[in-house]
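For reference, data_2.cif (mmCIF, C-alpha atoms and all ligand atoms):
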data_work
#
loop_
_atom_site.group_PDB
_atom_site.id
_atom_site.type_symbol
_atom_site.label_atom_id
_atom_site.label_comp_id
_atom_site.auth_asym_id
_atom_site.auth_seq_id
_atom_site.Cartn_x
_atom_site.Cartn_y
_atom_site.Cartn_z
ATOM 1 C CA MET A 1 -16.948 55.616 -93.847
ATOM 2 C CA SER A 2 -20.510 55.067 -95.033
ATOM 3 C CA ALA A 3 -23.394 55.588 -92.581
ATOM 4 C CA LEU A 4 -23.611 53.111 -89.718
ATOM 5 C CA PHE A 5 -26.820 51.340 -88.714
ATOM 6 C CA THR A 6 -29.332 53.306 -86.639
ATOM 7 C CA GLU A 7 -32.950 52.632 -85.762
ATOM 8 C CA GLU A 8 -34.102 55.766 -87.605
ATOM 9 C CA ASP A 9 -32.154 55.156 -90.808
ATOM 10 C CA SER A 10 -32.150 51.347 -90.878
ATOM 11 C CA ALA A 11 -34.173 51.004 -94.098
ATOM 12 C CA ASP A 12 -32.101 53.593 -96.003
ATOM 13 C CA ILE A 13 -28.822 52.095 -94.843
ATOM 14 C CA VAL A 14 -29.714 48.518 -95.792
ATOM 15 C CA ALA A 15 -31.376 49.578 -99.056
ATOM 16 C CA GLN A 16 -28.179 51.464 -99.920
ATOM 17 C CA SER A 17 -26.225 48.212 -99.558
ATOM 18 C CA PHE A 18 -28.180 46.863 -102.548
ATOM 19 C CA ALA A 19 -27.712 50.000 -104.677
ATOM 20 C CA GLY A 20 -24.971 48.394 -106.740
ATOM 21 C CA THR A 21 -27.057 45.378 -107.790
ATOM 22 C CA PRO A 22 -26.315 45.020 -111.519
ATOM 23 C CA ASP A 23 -29.772 43.685 -112.493
ATOM 24 C CA PRO A 24 -32.112 46.721 -112.306
ATOM 25 C CA ARG A 25 -35.178 44.596 -111.579
ATOM 26 C CA LEU A 26 -33.474 42.780 -108.697
ATOM 27 C CA ARG A 27 -32.203 46.151 -107.431
ATOM 28 C CA ARG A 28 -35.765 47.552 -107.375
ATOM 29 C CA ILE A 29 -37.166 44.444 -105.681
ATOM 30 C CA MET A 30 -34.498 44.409 -102.945
ATOM 31 C CA ASP A 31 -34.901 48.134 -102.321
ATOM 32 C CA SER A 32 -38.680 47.876 -101.937
ATOM 33 C CA LEU A 33 -38.534 44.634 -99.933
ATOM 34 C CA THR A 34 -36.027 46.168 -97.507
ATOM 35 C CA ARG A 35 -38.141 49.292 -96.964
ATOM 36 C CA HIS A 36 -41.393 47.347 -96.436
ATOM 37 C CA LEU A 37 -39.751 44.823 -94.098
ATOM 38 C CA HIS A 38 -38.157 47.488 -91.936
ATOM 39 C CA ALA A 39 -41.407 49.480 -91.818
ATOM 40 C CA PHE A 40 -43.263 46.319 -90.749
ATOM 41 C CA VAL A 41 -40.792 45.449 -87.969
ATOM 42 C CA LYS A 42 -40.978 49.024 -86.647
ATOM 43 C CA ASP A 43 -44.749 49.189 -86.971
ATOM 44 C CA VAL A 44 -45.330 46.144 -84.741
ATOM 45 C CA GLU A 45 -42.156 46.669 -82.625
ATOM 46 C CA LEU A 46 -41.268 43.024 -83.192
ATOM 47 C CA THR A 47 -39.902 41.309 -80.073
ATOM 48 C CA GLU A 48 -37.004 38.859 -80.110
ATOM 49 C CA ALA A 49 -39.347 36.025 -79.092
ATOM 50 C CA GLU A 50 -41.665 36.858 -82.011
ATOM 51 C CA TRP A 51 -38.733 36.958 -84.418
ATOM 52 C CA ALA A 52 -37.591 33.539 -83.177
ATOM 53 C CA ALA A 53 -41.149 32.199 -83.575
ATOM 54 C CA ALA A 54 -41.273 33.546 -87.125
ATOM 55 C CA VAL A 55 -37.962 31.864 -87.970
ATOM 56 C CA ALA A 56 -39.236 28.570 -86.498
ATOM 57 C CA PHE A 57 -42.480 28.918 -88.482
ATOM 58 C CA LEU A 58 -40.662 29.508 -91.780
ATOM 59 C CA THR A 59 -38.219 26.676 -91.012
ATOM 60 C CA ALA A 60 -41.130 24.263 -90.440
ATOM 61 C CA THR A 61 -42.741 25.507 -93.641
ATOM 62 C CA GLY A 62 -39.600 24.732 -95.622
ATOM 63 C CA GLN A 63 -39.172 21.354 -93.966
ATOM 64 C CA LEU A 64 -42.621 20.304 -95.237
ATOM 65 C CA CYS A 65 -41.739 21.065 -98.857
ATOM 66 C CA ASP A 66 -40.757 18.284 -101.237
ATOM 67 C CA ASP A 67 -41.614 17.152 -104.759
ATOM 68 C CA SER A 68 -45.229 16.460 -103.823
ATOM 69 C CA ARG A 69 -45.928 19.131 -101.193
ATOM 70 C CA GLN A 70 -45.353 22.892 -101.383
ATOM 71 C CA GLU A 71 -46.162 24.423 -98.022
ATOM 72 C CA PHE A 72 -44.687 27.820 -99.033
ATOM 73 C CA VAL A 73 -47.185 28.082 -101.883
ATOM 74 C CA LEU A 74 -49.996 27.130 -99.498
ATOM 75 C CA LEU A 75 -48.810 29.875 -97.128
ATOM 76 C CA SER A 76 -48.742 32.331 -100.025
ATOM 77 C CA ASP A 77 -52.281 31.169 -100.911
ATOM 78 C CA VAL A 78 -53.781 31.939 -97.486
ATOM 79 C CA LEU A 79 -51.954 35.301 -97.374
ATOM 80 C CA GLY A 80 -53.630 36.240 -100.675
ATOM 81 C CA VAL A 81 -50.241 36.665 -102.365
ATOM 82 C CA SER A 82 -50.824 33.853 -104.886
ATOM 83 C CA MET A 83 -54.082 35.475 -106.000
ATOM 84 C CA LEU A 84 -52.517 38.925 -106.163
ATOM 85 C CA VAL A 85 -49.605 37.749 -108.327
ATOM 86 C CA GLU A 86 -52.038 35.769 -110.506
ATOM 87 C CA THR A 87 -54.416 38.700 -110.887
ATOM 88 C CA LEU A 88 -51.893 41.395 -111.716
ATOM 89 C CA ASN A 89 -50.113 39.152 -114.226
ATOM 90 C CA HIS A 90 -53.341 38.137 -115.972
ATOM 91 C CA ARG A 91 -55.358 41.313 -116.362
ATOM 92 C CA THR A 92 -58.273 40.581 -118.664
ATOM 93 C CA GLY A 93 -59.506 44.038 -119.596
ATOM 94 C CA GLY A 94 -62.951 42.789 -118.536
ATOM 95 C CA GLU A 95 -63.299 40.655 -121.654
ATOM 96 C CA ALA A 96 -61.414 37.425 -121.143
ATOM 97 C CA THR A 97 -62.056 34.689 -118.576
ATOM 98 C CA GLU A 98 -60.523 35.637 -115.245
ATOM 99 C CA SER A 99 -57.808 33.494 -113.696
ATOM 100 C CA THR A 100 -57.408 31.979 -110.241
ATOM 101 C CA VAL A 101 -54.819 29.981 -108.300
ATOM 102 C CA LEU A 102 -53.498 26.657 -109.619
ATOM 103 C CA GLY A 103 -53.617 24.884 -106.249
ATOM 104 C CA PRO A 104 -51.618 21.823 -105.201
ATOM 105 C CA PHE A 105 -53.776 19.115 -106.762
ATOM 106 C CA HIS A 106 -53.023 19.601 -110.449
ATOM 107 C CA VAL A 107 -51.369 16.572 -112.092
ATOM 108 C CA ALA A 108 -49.445 17.237 -115.296
ATOM 109 C CA GLY A 109 -50.252 14.844 -118.115
ATOM 110 C CA SER A 110 -53.593 13.564 -116.854
ATOM 111 C CA PRO A 111 -55.431 11.240 -119.284
ATOM 112 C CA ALA A 112 -56.735 12.542 -122.606
ATOM 113 C CA ARG A 113 -60.495 11.936 -122.811
ATOM 114 C CA ALA A 114 -63.060 12.181 -125.628
ATOM 115 C CA LEU A 115 -65.721 14.897 -125.584
ATOM 116 C CA GLY A 116 -68.716 13.567 -123.646
ATOM 117 C CA ASP A 117 -66.659 11.184 -121.512
ATOM 118 C CA SER A 118 -67.196 11.089 -117.779
ATOM 119 C CA ILE A 119 -64.302 12.025 -115.498
ATOM 120 C CA SER A 120 -66.140 10.383 -112.595
ATOM 121 C CA LEU A 121 -64.603 6.925 -112.705
ATOM 122 C CA ASP A 122 -66.265 5.754 -109.483
ATOM 123 C CA GLY A 123 -69.673 7.309 -110.234
ATOM 124 C CA VAL A 124 -70.021 8.639 -106.683
ATOM 125 C CA GLY A 125 -71.965 11.909 -106.492
ATOM 126 C CA GLU A 126 -74.689 13.887 -108.177
ATOM 127 C CA PRO A 127 -74.423 13.504 -111.989
ATOM 128 C CA CYS A 128 -73.530 16.666 -113.844
ATOM 129 C CA LEU A 129 -73.000 17.830 -117.419
ATOM 130 C CA VAL A 130 -70.442 20.572 -118.086
ATOM 131 C CA THR A 131 -70.630 22.375 -121.417
ATOM 132 C CA GLY A 132 -68.925 25.418 -122.875
ATOM 133 C CA ARG A 133 -67.196 27.053 -125.786
ATOM 134 C CA VAL A 134 -63.650 28.352 -126.033
ATOM 135 C CA SER A 135 -63.417 31.610 -127.954
ATOM 136 C CA GLY A 136 -61.185 34.627 -128.488
ATOM 137 C CA PRO A 137 -62.169 38.116 -127.329
ATOM 138 C CA ASP A 138 -64.257 38.790 -130.445
ATOM 139 C CA GLY A 139 -66.207 35.558 -130.101
ATOM 140 C CA GLU A 140 -64.192 33.657 -132.700
ATOM 141 C CA PRO A 141 -63.969 29.935 -131.817
ATOM 142 C CA VAL A 142 -60.673 28.371 -130.731
ATOM 143 C CA PRO A 143 -60.897 24.873 -132.242
ATOM 144 C CA GLY A 144 -58.530 22.337 -130.756
ATOM 145 C CA ALA A 145 -58.148 24.232 -127.456
ATOM 146 C CA GLU A 146 -57.118 21.903 -124.631
ATOM 147 C CA LEU A 147 -59.134 21.828 -121.408
ATOM 148 C CA ASP A 148 -57.263 20.261 -118.505
ATOM 149 C CA VAL A 149 -59.883 19.746 -115.753
ATOM 150 C CA TRP A 150 -59.744 18.412 -112.193
ATOM 151 C CA GLN A 151 -61.985 18.597 -109.166
ATOM 152 C CA ALA A 152 -62.775 17.222 -105.726
ATOM 153 C CA GLY A 153 -65.583 14.710 -105.446
ATOM 154 C CA ALA A 154 -68.808 14.589 -103.474
ATOM 155 C CA ASP A 155 -66.750 13.905 -100.326
ATOM 156 C CA GLY A 156 -64.464 16.910 -100.870
ATOM 157 C CA PHE A 157 -61.296 14.937 -101.707
ATOM 158 C CA TYR A 158 -59.086 14.858 -104.804
ATOM 159 C CA ASP A 159 -57.973 11.493 -106.200
ATOM 160 C CA VAL A 160 -54.357 12.191 -105.149
ATOM 161 C CA GLN A 161 -55.507 12.486 -101.517
ATOM 162 C CA GLN A 162 -57.072 9.010 -101.645
ATOM 163 C CA PRO A 163 -54.620 6.706 -103.423
ATOM 164 C CA GLY A 164 -55.955 3.153 -103.423
ATOM 165 C CA VAL A 165 -59.404 4.366 -102.349
ATOM 166 C CA VAL A 166 -60.581 5.896 -105.633
ATOM 167 C CA PRO A 167 -59.363 5.003 -109.142
ATOM 168 C CA GLU A 168 -56.259 6.816 -110.378
ATOM 169 C CA SER A 169 -57.177 9.989 -112.326
ATOM 170 C CA ASN A 170 -60.680 10.008 -110.875
ATOM 171 C CA LEU A 171 -62.278 13.382 -111.574
ATOM 172 C CA ARG A 172 -59.559 14.649 -113.872
ATOM 173 C CA GLY A 173 -58.795 14.580 -117.592
ATOM 174 C CA ARG A 174 -57.849 16.540 -120.692
ATOM 175 C CA PHE A 175 -60.412 17.369 -123.395
ATOM 176 C CA THR A 176 -59.956 18.919 -126.832
ATOM 177 C CA ALA A 177 -62.515 21.453 -128.047
ATOM 178 C CA ASP A 178 -64.292 20.585 -131.327
ATOM 179 C CA PRO A 179 -64.030 22.634 -134.589
ATOM 180 C CA ASP A 180 -66.516 25.176 -133.177
ATOM 181 C CA GLY A 181 -64.492 25.543 -129.960
ATOM 182 C CA GLU A 182 -67.181 23.631 -128.047
ATOM 183 C CA PHE A 183 -66.620 21.138 -125.255
ATOM 184 C CA TRP A 184 -68.755 18.954 -123.021
ATOM 185 C CA PHE A 185 -68.085 16.291 -120.443
ATOM 186 C CA ARG A 186 -69.820 14.401 -117.665
ATOM 187 C CA THR A 187 -68.844 14.549 -114.024
ATOM 188 C CA VAL A 188 -70.371 14.862 -110.551
ATOM 189 C CA VAL A 189 -71.120 18.033 -108.611
ATOM 190 C CA PRO A 190 -68.007 19.051 -106.630
ATOM 191 C CA ARG A 191 -68.134 19.778 -102.904
ATOM 192 C CA TYR A 192 -66.456 22.457 -100.791
ATOM 193 C CA TYR A 193 -63.379 21.143 -98.911
ATOM 194 C CA PRO A 194 -60.644 22.205 -96.473
ATOM 195 C CA ILE A 195 -57.126 22.963 -97.691
ATOM 196 C CA PRO A 196 -54.402 20.808 -96.056
ATOM 197 C CA GLY A 197 -54.279 21.783 -92.364
ATOM 198 C CA ASP A 198 -51.547 19.532 -90.957
ATOM 199 C CA GLY A 199 -48.665 22.006 -91.434
ATOM 200 C CA PRO A 200 -47.680 25.537 -90.378
ATOM 201 C CA THR A 201 -50.279 27.074 -92.709
ATOM 202 C CA GLY A 202 -53.042 25.164 -90.923
ATOM 203 C CA SER A 203 -51.599 26.272 -87.555
ATOM 204 C CA LEU A 204 -51.673 29.872 -88.727
ATOM 205 C CA LEU A 205 -55.327 29.595 -89.749
ATOM 206 C CA ARG A 206 -56.266 28.077 -86.373
ATOM 207 C CA ALA A 207 -54.256 30.654 -84.405
ATOM 208 C CA THR A 208 -56.023 33.459 -86.225
ATOM 209 C CA GLY A 209 -59.521 31.978 -86.057
ATOM 210 C CA ARG A 210 -59.770 31.483 -89.824
ATOM 211 C CA HIS A 211 -61.551 28.516 -91.400
ATOM 212 C CA PRO A 212 -59.689 26.363 -93.980
ATOM 213 C CA TYR A 213 -62.481 25.872 -96.538
ATOM 214 C CA ARG A 214 -62.683 26.483 -100.270
ATOM 215 C CA PRO A 215 -66.079 26.737 -102.001
ATOM 216 C CA ALA A 216 -67.085 23.991 -104.479
ATOM 217 C CA HIS A 217 -65.290 24.357 -107.821
ATOM 218 C CA ILE A 218 -63.945 22.639 -110.907
ATOM 219 C CA HIS A 219 -60.388 23.579 -111.983
ATOM 220 C CA PHE A 220 -59.603 24.368 -115.614
ATOM 221 C CA ILE A 221 -56.396 25.118 -117.461
ATOM 222 C CA VAL A 222 -57.444 26.108 -120.974
ATOM 223 C CA ARG A 223 -54.633 26.245 -123.523
ATOM 224 C CA PRO A 224 -54.785 27.259 -127.180
ATOM 225 C CA PRO A 225 -53.782 24.519 -129.632
ATOM 226 C CA ALA A 226 -50.047 24.139 -130.260
ATOM 227 C CA ASP A 227 -50.398 25.558 -133.802
ATOM 228 C CA ASP A 228 -52.563 28.507 -132.650
ATOM 229 C CA PRO A 229 -52.212 31.225 -135.324
ATOM 230 C CA GLU A 230 -53.829 33.901 -133.108
ATOM 231 C CA GLY A 231 -51.367 33.814 -130.213
ATOM 232 C CA TYR A 232 -53.819 33.336 -127.345
ATOM 233 C CA ALA A 233 -52.609 32.990 -123.754
ATOM 234 C CA PRO A 234 -53.594 29.978 -121.650
ATOM 235 C CA VAL A 235 -55.784 30.591 -118.598
ATOM 236 C CA THR A 236 -55.743 28.823 -115.228
ATOM 237 C CA THR A 237 -59.139 29.221 -113.651
ATOM 238 C CA HIS A 238 -62.058 27.670 -111.753
ATOM 239 C CA LEU A 239 -65.763 27.247 -112.316
ATOM 240 C CA PHE A 240 -67.425 27.902 -108.935
ATOM 241 C CA ALA A 241 -70.811 26.453 -107.963
ATOM 242 C CA ALA A 242 -73.357 29.173 -107.149
ATOM 243 C CA GLY A 243 -74.820 28.696 -103.694
ATOM 244 C CA SER A 244 -71.800 26.793 -102.348
ATOM 245 C CA PRO A 245 -70.811 27.471 -98.742
ATOM 246 C CA TYR A 246 -67.675 29.642 -98.424
ATOM 247 C CA LEU A 247 -68.111 31.492 -101.740
ATOM 248 C CA GLY A 248 -67.762 34.716 -99.770
ATOM 249 C CA SER A 249 -64.849 33.582 -97.595
ATOM 250 C CA ASP A 250 -62.593 31.292 -99.674
ATOM 251 C CA ALA A 251 -59.511 30.410 -97.562
ATOM 252 C CA VAL A 252 -57.270 31.292 -100.541
ATOM 253 C CA PHE A 253 -59.272 34.280 -101.902
ATOM 254 C CA GLY A 254 -59.733 32.574 -105.286
ATOM 255 C CA VAL A 255 -63.340 33.513 -106.023
ATOM 256 C CA LYS A 256 -64.153 36.000 -108.760
ATOM 257 C CA GLU A 257 -67.790 36.812 -109.402
ATOM 258 C CA SER A 258 -67.522 36.181 -113.148
ATOM 259 C CA LEU A 259 -66.569 32.540 -112.453
ATOM 260 C CA VAL A 260 -69.618 31.626 -110.350
ATOM 261 C CA ARG A 261 -72.242 29.629 -112.267
ATOM 262 C CA GLU A 262 -75.522 27.913 -111.482
ATOM 263 C CA PHE A 263 -75.366 24.115 -111.568
ATOM 264 C CA ALA A 264 -79.026 23.940 -112.680
ATOM 265 C CA LEU A 265 -81.208 20.922 -111.918
ATOM 266 C CA VAL A 266 -82.436 19.522 -115.249
ATOM 267 C CA ASP A 267 -85.426 17.187 -115.531
ATOM 268 C CA ASP A 268 -85.288 16.165 -119.200
ATOM 269 C CA PRO A 269 -85.200 12.405 -119.901
ATOM 270 C CA GLU A 270 -84.472 12.948 -123.600
ATOM 271 C CA TRP A 271 -81.441 15.186 -122.935
ATOM 272 C CA ALA A 272 -80.273 12.868 -120.149
ATOM 273 C CA GLY A 273 -80.431 9.884 -122.515
ATOM 274 C CA ARG A 274 -78.563 11.759 -125.250
ATOM 275 C CA VAL A 275 -75.629 12.598 -122.977
ATOM 276 C CA GLY A 276 -75.653 9.319 -121.057
ATOM 277 C CA LEU A 277 -76.694 10.635 -117.649
ATOM 278 C CA PRO A 278 -79.474 9.485 -115.344
ATOM 279 C CA ASN A 279 -82.448 11.858 -115.143
ATOM 280 C CA PRO A 280 -82.589 14.309 -113.370
ATOM 281 C CA PHE A 281 -79.079 15.747 -113.509
ATOM 282 C CA ARG A 282 -77.228 19.016 -112.995
ATOM 283 C CA ALA A 283 -75.993 21.093 -115.943
ATOM 284 C CA VAL A 284 -73.626 24.028 -116.061
ATOM 285 C CA ASP A 285 -72.357 26.085 -118.988
ATOM 286 C CA PHE A 286 -68.901 27.675 -118.738
ATOM 287 C CA PRO A 287 -67.861 29.741 -121.766
ATOM 288 C CA VAL A 288 -64.110 30.428 -121.797
ATOM 289 C CA VAL A 289 -62.675 33.522 -123.474
ATOM 290 C CA LEU A 290 -58.908 33.532 -124.074
ATOM 291 C CA ARG A 291 -56.941 36.781 -124.169
ATOM 292 C CA PRO A 292 -54.087 37.666 -126.533
ATOM 293 C CA ALA A 293 -50.739 36.372 -125.227
ATOM 294 C CA GLY A 294 -49.371 39.932 -124.948
ATOM 295 C CA GLY A 295 -51.843 40.587 -122.141
ATOM 296 C CA VAL A 296 -53.692 43.682 -121.008
ATOM 297 C CA ARG A 297 -51.916 46.349 -118.935
HETATM 298 C C1 LIG A 301 -57.293 23.951 -104.766
HETATM 299 O O1 LIG A 301 -58.260 24.543 -105.200
HETATM 300 O O2 LIG A 301 -57.109 22.814 -105.165
HETATM 301 C C2 LIG A 301 -56.401 24.616 -103.755
HETATM 302 C C3 LIG A 301 -55.923 25.882 -104.022
HETATM 303 C C4 LIG A 301 -55.083 26.498 -103.096
HETATM 304 C C5 LIG A 301 -54.740 25.840 -101.929
HETATM 305 C C6 LIG A 301 -55.232 24.559 -101.671
HETATM 306 C C7 LIG A 301 -56.086 23.940 -102.596
HETATM 307 FE FE FE A 302 -59.444 22.833 -105.762
#
Would it be possible to restate this file's structure as structure tokens?
Amino acid sequence: MSALFTEEDSADIVAQSFAGTPDPRLRRIMDSLTRHLHAFVKDVELTEAEWAAAVAFLTATGQLCDDSRQEFVLLSDVLGVSMLVETLNHRTGGEATESTVLGPFHVAGSPARALGDSISLDGVGEPCLVTGRVSGPDGEPVPGAELDVWQAGADGFYDVQQPGVVPESNLRGRFTADPDGEFWFRTVVPRYYPIPGDGPTGSLLRATGRHPYRPAHIHFIVRPPADDPEGYAPVTTHLFAAGSPYLGSDAVFGVKESLVREFALVDDPEWAGRVGLPNPFRAVDFPVVLRPAGGVR
């Protein structure tokens, strides 16, 4: 008879039950998960009432998930797990643009726009010019790179949170870098905002005295062109506004120092006229460096 369950040996005994898992990766994951879970339960001496509360919490989390809402990902975000998985799977070697969380407000297939277009369809907010250049690690341009961008507006909401209030695809669009890898578009300065707080994740933040806010940012997914001969990897990232509240305490731990940029106030009527913005306006430059698809270990 194999060893029976005891408090002392619980982790070993349960881990042993997974020892025959044919897939070696799954075997390693189940072994480590078992050992960490058992150590956690012993560390806090979990009560039966707490275990029942945890089950109810996870049940409510699952019940909020559907095609348009992913409460488990939001929970992973506020636990810092999304950022950890993102960071260790996208090591940059200090050269390439760092990545951050995707977040729940990305819309696949948002409208293609021409360089210089405005993504602010309602014109509400402080006018802003975003410029940049997509390159490889040695500075070589990546012509034809796609920049999928989306952001909250001056009121801190995404278009998908205000259907019928703002135009569809407000503050989002896809741009294609020019032959020199350069891109530019018009928008408005984003504002900090709270992550959705009406589910179990929001309850957790309130119960633990944490605020729900994210600092002001613009999301980017930058992809190499389909016929990319260099084999660059896409990057999911943000451009954060320097000086924004919550830069030091992002509810989802998404801020990396290299992604924080000044949205400088520009008073230059000639430049404003050339790019089709009222003077004065804000301007921010966000160079993007793609890494080789093989990654850095
Ligand atoms: C966002 O930046 O859109 C976001 C990211 C994680 C959780 C909630 C929102
Ligand atoms: Fe966001």
Listed atoms of segment 201-209 of chain A boxed along x, y and z, 3 Å each side, centre and edge lengths in Å, one decimal, as lines of an AutoDock Vina configuration file:
center_x = -54.9
center_y = 29.3
center_z = -88.6
size_x = 15.2
size_y = 14.3
size_z = 14.3
Practice task
Could you report the residues within 9 Å of ligand LIG 301 (chain A), using only C-alpha atoms and all ligand atoms, as a VMD selection string?
Solution key: chain A and resid 73 to 75 77 to 78 82 100 to 106 150 to 152 158 193 to 196 213 to 219 238 251 to 254
Practice task
Between atom CA of Ala60 of chain A and atom CA of Ala15 of chain A, measure the distance and give it in Å to one decimal.
Solution key: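 According to the coordinates, atom CA of Ala60 of chain A and atom CA of Ala15 of chain A are separated by 28.5 Å.
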Exercise for the section: Taking the file above as input, evaluate the PyMOL selection byres (((chain A and resi 200) around 7) and not hetatm) and report the hits as a PyMOL selection string. Expected result: chain A and resi 57+60-61+199+201-204
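Here atom CA of Asp198 of chain A stands at a distance of 26.8 Å from atom CA of Gly125 of chain A.
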Please return segment 83-103 of chain A, rebuilt to N, CA and C atoms, as a PDB file, in the frame of the given file.
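Here's the written file rebuild.pdb:
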ATOM      1  N   MET A  83     -53.009  34.868-105.193  1.00  0.00           N
ATOM      2  CA  MET A  83     -54.082  35.475-106.000  1.00  0.00           C
ATOM      3  C   MET A  83     -53.678  36.850-106.518  1.00  0.00           C
ATOM      4  N   LEU A  84     -52.926  37.590-105.719  1.00  0.00           N
ATOM      5  CA  LEU A  84     -52.517  38.925-106.163  1.00  0.00           C
ATOM      6  C   LEU A  84     -51.552  38.820-107.343  1.00  0.00           C
ATOM      7  N   VAL A  85     -50.574  37.922-107.233  1.00  0.00           N
ATOM      8  CA  VAL A  85     -49.605  37.749-108.327  1.00  0.00           C
ATOM      9  C   VAL A  85     -50.336  37.272-109.585  1.00  0.00           C
ATOM     10  N   GLU A  86     -51.247  36.307-109.395  1.00  0.00           N
ATOM     11  CA  GLU A  86     -52.038  35.769-110.506  1.00  0.00           C
ATOM     12  C   GLU A  86     -52.840  36.892-111.181  1.00  0.00           C
ATOM     13  N   THR A  87     -53.500  37.690-110.351  1.00  0.00           N
ATOM     14  CA  THR A  87     -54.416  38.700-110.887  1.00  0.00           C
ATOM     15  C   THR A  87     -53.666  39.814-111.618  1.00  0.00           C
ATOM     16  N   LEU A  88     -52.544  40.273-111.034  1.00  0.00           N
ATOM     17  CA  LEU A  88     -51.893  41.395-111.716  1.00  0.00           C
ATOM     18  C   LEU A  88     -51.070  40.959-112.926  1.00  0.00           C
ATOM     19  N   ASN A  89     -50.803  39.646-113.033  1.00  0.00           N
ATOM     20  CA  ASN A  89     -50.113  39.152-114.226  1.00  0.00           C
ATOM     21  C   ASN A  89     -51.063  38.652-115.303  1.00  0.00           C
ATOM     22  N   HIS A  90     -52.364  38.635-114.992  1.00  0.00           N
ATOM     23  CA  HIS A  90     -53.341  38.137-115.972  1.00  0.00           C
ATOM     24  C   HIS A  90     -54.528  39.073-116.039  1.00  0.00           C
ATOM     25  N   ARG A  91     -54.247  40.357-116.234  1.00  0.00           N
ATOM     26  CA  ARG A  91     -55.358  41.313-116.362  1.00  0.00           C
ATOM     27  C   ARG A  91     -56.126  40.978-117.636  1.00  0.00           C
ATOM     28  N   THR A  92     -57.444  41.045-117.540  1.00  0.00           N
ATOM     29  CA  THR A  92     -58.273  40.581-118.664  1.00  0.00           C
ATOM     30  C   THR A  92     -58.889  41.723-119.447  1.00  0.00           C
ATOM     31  N   GLY A  93     -58.832  42.932-118.922  1.00  0.00           N
ATOM     32  CA  GLY A  93     -59.506  44.038-119.596  1.00  0.00           C
ATOM     33  C   GLY A  93     -61.021  43.865-119.558  1.00  0.00           C
ATOM     34  N   GLY A  94     -61.500  42.985-118.674  1.00  0.00           N
ATOM     35  CA  GLY A  94     -62.951  42.789-118.536  1.00  0.00           C
ATOM     36  C   GLY A  94     -63.549  41.905-119.607  1.00  0.00           C
ATOM     37  N   GLU A  95     -62.740  41.424-120.538  1.00  0.00           N
ATOM     38  CA  GLU A  95     -63.299  40.655-121.654  1.00  0.00           C
ATOM     39  C   GLU A  95     -63.026  39.163-121.524  1.00  0.00           C
ATOM     40  N   ALA A  96     -61.802  38.835-121.158  1.00  0.00           N
ATOM     41  CA  ALA A  96     -61.414  37.425-121.143  1.00  0.00           C
ATOM     42  C   ALA A  96     -61.789  36.770-119.819  1.00  0.00           C
ATOM     43  N   THR A  97     -61.772  35.448-119.801  1.00  0.00           N
ATOM     44  CA  THR A  97     -62.056  34.689-118.576  1.00  0.00           C
ATOM     45  C   THR A  97     -60.999  34.995-117.525  1.00  0.00           C
ATOM     46  N   GLU A  98     -61.460  35.286-116.314  1.00  0.00           N
ATOM     47  CA  GLU A  98     -60.523  35.637-115.245  1.00  0.00           C
ATOM     48  C   GLU A  98     -59.793  34.388-114.743  1.00  0.00           C
ATOM     49  N   SER A  99     -58.622  34.612-114.166  1.00  0.00           N
ATOM     50  CA  SER A  99     -57.808  33.494-113.696  1.00  0.00           C
ATOM     51  C   SER A  99     -57.905  33.367-112.176  1.00  0.00           C
ATOM     52  N   THR A 100     -57.495  32.223-111.689  1.00  0.00           N
ATOM     53  CA  THR A 100     -57.408  31.979-110.241  1.00  0.00           C
ATOM     54  C   THR A 100     -56.172  31.125-109.971  1.00  0.00           C
ATOM     55  N   VAL A 101     -55.993  30.770-108.693  1.00  0.00           N
ATOM     56  CA  VAL A 101     -54.819  29.981-108.300  1.00  0.00           C
ATOM     57  C   VAL A 101     -54.827  28.584-108.925  1.00  0.00           C
ATOM     58  N   LEU A 102     -53.629  28.028-109.100  1.00  0.00           N
ATOM     59  CA  LEU A 102     -53.498  26.657-109.619  1.00  0.00           C
ATOM     60  C   LEU A 102     -53.862  25.640-108.538  1.00  0.00           C
ATOM     61  N   GLY A 103     -53.378  25.852-107.323  1.00  0.00           N
ATOM     62  CA  GLY A 103     -53.617  24.884-106.249  1.00  0.00           C
ATOM     63  C   GLY A 103     -52.674  23.705-106.337  1.00  0.00           C
TER      64      GLY A 103
END
